[in-house]
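K.L.:
Please see the structure below; I have some questions.
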Protein chains: 2
Amino acid sequence: MTTTKPLRADARRNRDALLAKARELFAEGCFDLRFDDFARLAGVGTGTLYRHFPNRAALAEAVYREELAGLCERGRTLRTTLPAAEALATFLRGFVAHLHGHQGLARTLANLMSAQPDTLADGGRELEQVITELLAAGVDEGTVRDDVSAGAVLMVLQGVSTACGQPGSRADADGAVTLVLDGLRR
Amino acid sequence: MTTTKPLRADARRNRDALLAKARELFAEGCFDLRFDDFARLAGVGTGTLYRHFPNRAALAEAVYREELAGLCERGRTLRTTLPAAEALATFLRGFVAHLHGHQGLARTLANLMSAQPDTLADGGRELEQVITELLAAGVDEGTVRDDVSAGAVLMVLQGVSTACGQPGSRADADGAVTLVLDGLRR
DNA sequence: CCTAGAATCGGAAACCGTCTCCACTTCGAC
DNA sequence: GTCGAAGTGGAGACGGTTTCCGATTCTAGG
């Protein structure tokens, strides 16, 4: 799987330059840039870009992998420091708030999740895993119903991610999370 | 608004041919066909296609306008024949079931809803309107909370629509609706 | 330090779907 | 039947994506 193949020095430098430039551009809100231009702006050739990241989604995923991993990690921490139901609530609310502050992540996530499951990248899987754990802890605790799976929650998050860029979506996103949380109570 | 401009006979014939062919192809599951090919298959020129439907979304919307209108109509009927909470439940469950039997509608809806609100076509607006009415009736009745708007429910439906094509999504979609319905109870 | 050969680069050019444009055709009112 | 308006159709421009391969750069071995 994750066979860490040793990358040649210049190759790694280029890869990092691409990631750095992509991160910078995403932060500025430039998402719909020509894929080629990432290469030009990062100072590498088109071929190099395509060798490292076969498509736009792969680049976005690489950029946001760490950020998403951090959020998941936070979810796991919450589970060990709060009652499960509260941990779940805090995690989901925080997650949605974070999405609204990071459109790039929201877009990337929406894409990751709408892809076919067999394509579903590590990021998506990890998120599902964390939610599954939080739900299971809640079930053990007796505060969360046991007849709804993480997939259902993920589906709502997908809706939230997709709608994230729209003007008045923040309030509705919070509303959706409220519904899910109240609906999850046993 | 709906200034019904009289279309010339041949123009109407071409438009209908395009719609018929699109409907047929969507029913077969061909969504990612080249846009030009719709024209060729319907026996008209590319220019004609573009005059009638400026882009893929416009064609899809036209194909599914009636179907969506029917569903909305059904929602309004339910509201007059059932207690509001039940009407809402029946409507949402039926809606999701219908989506899973009609991928084309699901895709179209996902696209309609992810567009910017000012672009949000009649179909999307009408759906939001129906849900608003159902919620309001439930609030009047005292069975539905009053602090969550239709937008939140729509956001969940967006997630469901987007995920609709995936293998195991039916169960999760039902789960998501269950969460919403239970979460909506006062 | 030098060399060979493997890994990587870069960007020109092929590719492919989208969309426009306009010379030509068809319609239908008179 | 005539004429202007409405509509047609498809060639080709356009622009983003992706490939391909000769040139370049790296690194291990001597």
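Labels used: A, B, ... for chains in the order of the structure tokens, numbers from 1 for residues in each chain, and numbers from 1 for ligands as shown.
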Near chain B, which residues of chain D fall within 9 Å when you count only C-alpha atoms (C1' of nucleotides), and what do they look like as a ChimeraX atom specification?

P.N.:
/D:6-10

K.L.:
Tell me which protein, DNA and RNA residues are within 8 Å of B:Arg23, counting only C-alpha atoms (C1' of nucleotides), leaving out same-chain ones fewer than 4 positions away, and put them as number ranges by chain.

P.N.:
B: 19, 27, 63

K.L.:
Please produce a file of those selected residues containing C-alpha atoms, as a PDB file, in the first residue's frame.

P.N.:
```pdb
ATOM      1  CA  LEU B  19     -36.203  16.280 -24.993  1.00  0.00           C
ATOM      2  CA  ALA B  27     -33.549   6.429 -18.625  1.00  0.00           C
ATOM      3  CA  VAL B  63     -36.307  16.824 -18.873  1.00  0.00           C
TER       4      VAL B  63
END
```

K.L.:
I need the chain A residues near chain B as a PyMOL selection string; criterion: at most 6 Å, counting only C-alpha atoms.

P.N.:
chain A and resi 114+148+151-152+155-156+158-159+163+172+175-176+179-180+182-183

K.L.:
Near chain A, which residues of chain C fall within 7 Å when you count only C-alpha atoms (C1' of nucleotides), and what do they look like as a PDB file with C-alpha atoms (C1' of nucleotides), in the first residue's frame?

P.N.:
```pdb
ATOM      1  C1'  DT C   8      13.081  13.246 -13.855  1.00  0.00           C
ATOM      2  C1'  DC C   9      12.021  17.374 -16.334  1.00  0.00           C
ATOM      3  C1'  DG C  10       9.578  20.497 -19.492  1.00  0.00           C
ATOM      4  C1'  DG C  11       6.834  22.145 -22.880  1.00  0.00           C
TER       5       DG C  11
END
```

K.L.:
Check the smallest atom-to-atom distance from each of B:Ala97, B:Ala60, B:Ala85, B:Leu78 to B:Phe26 using only C-alpha atoms, then report the winner.

P.N.:
B:Ala60
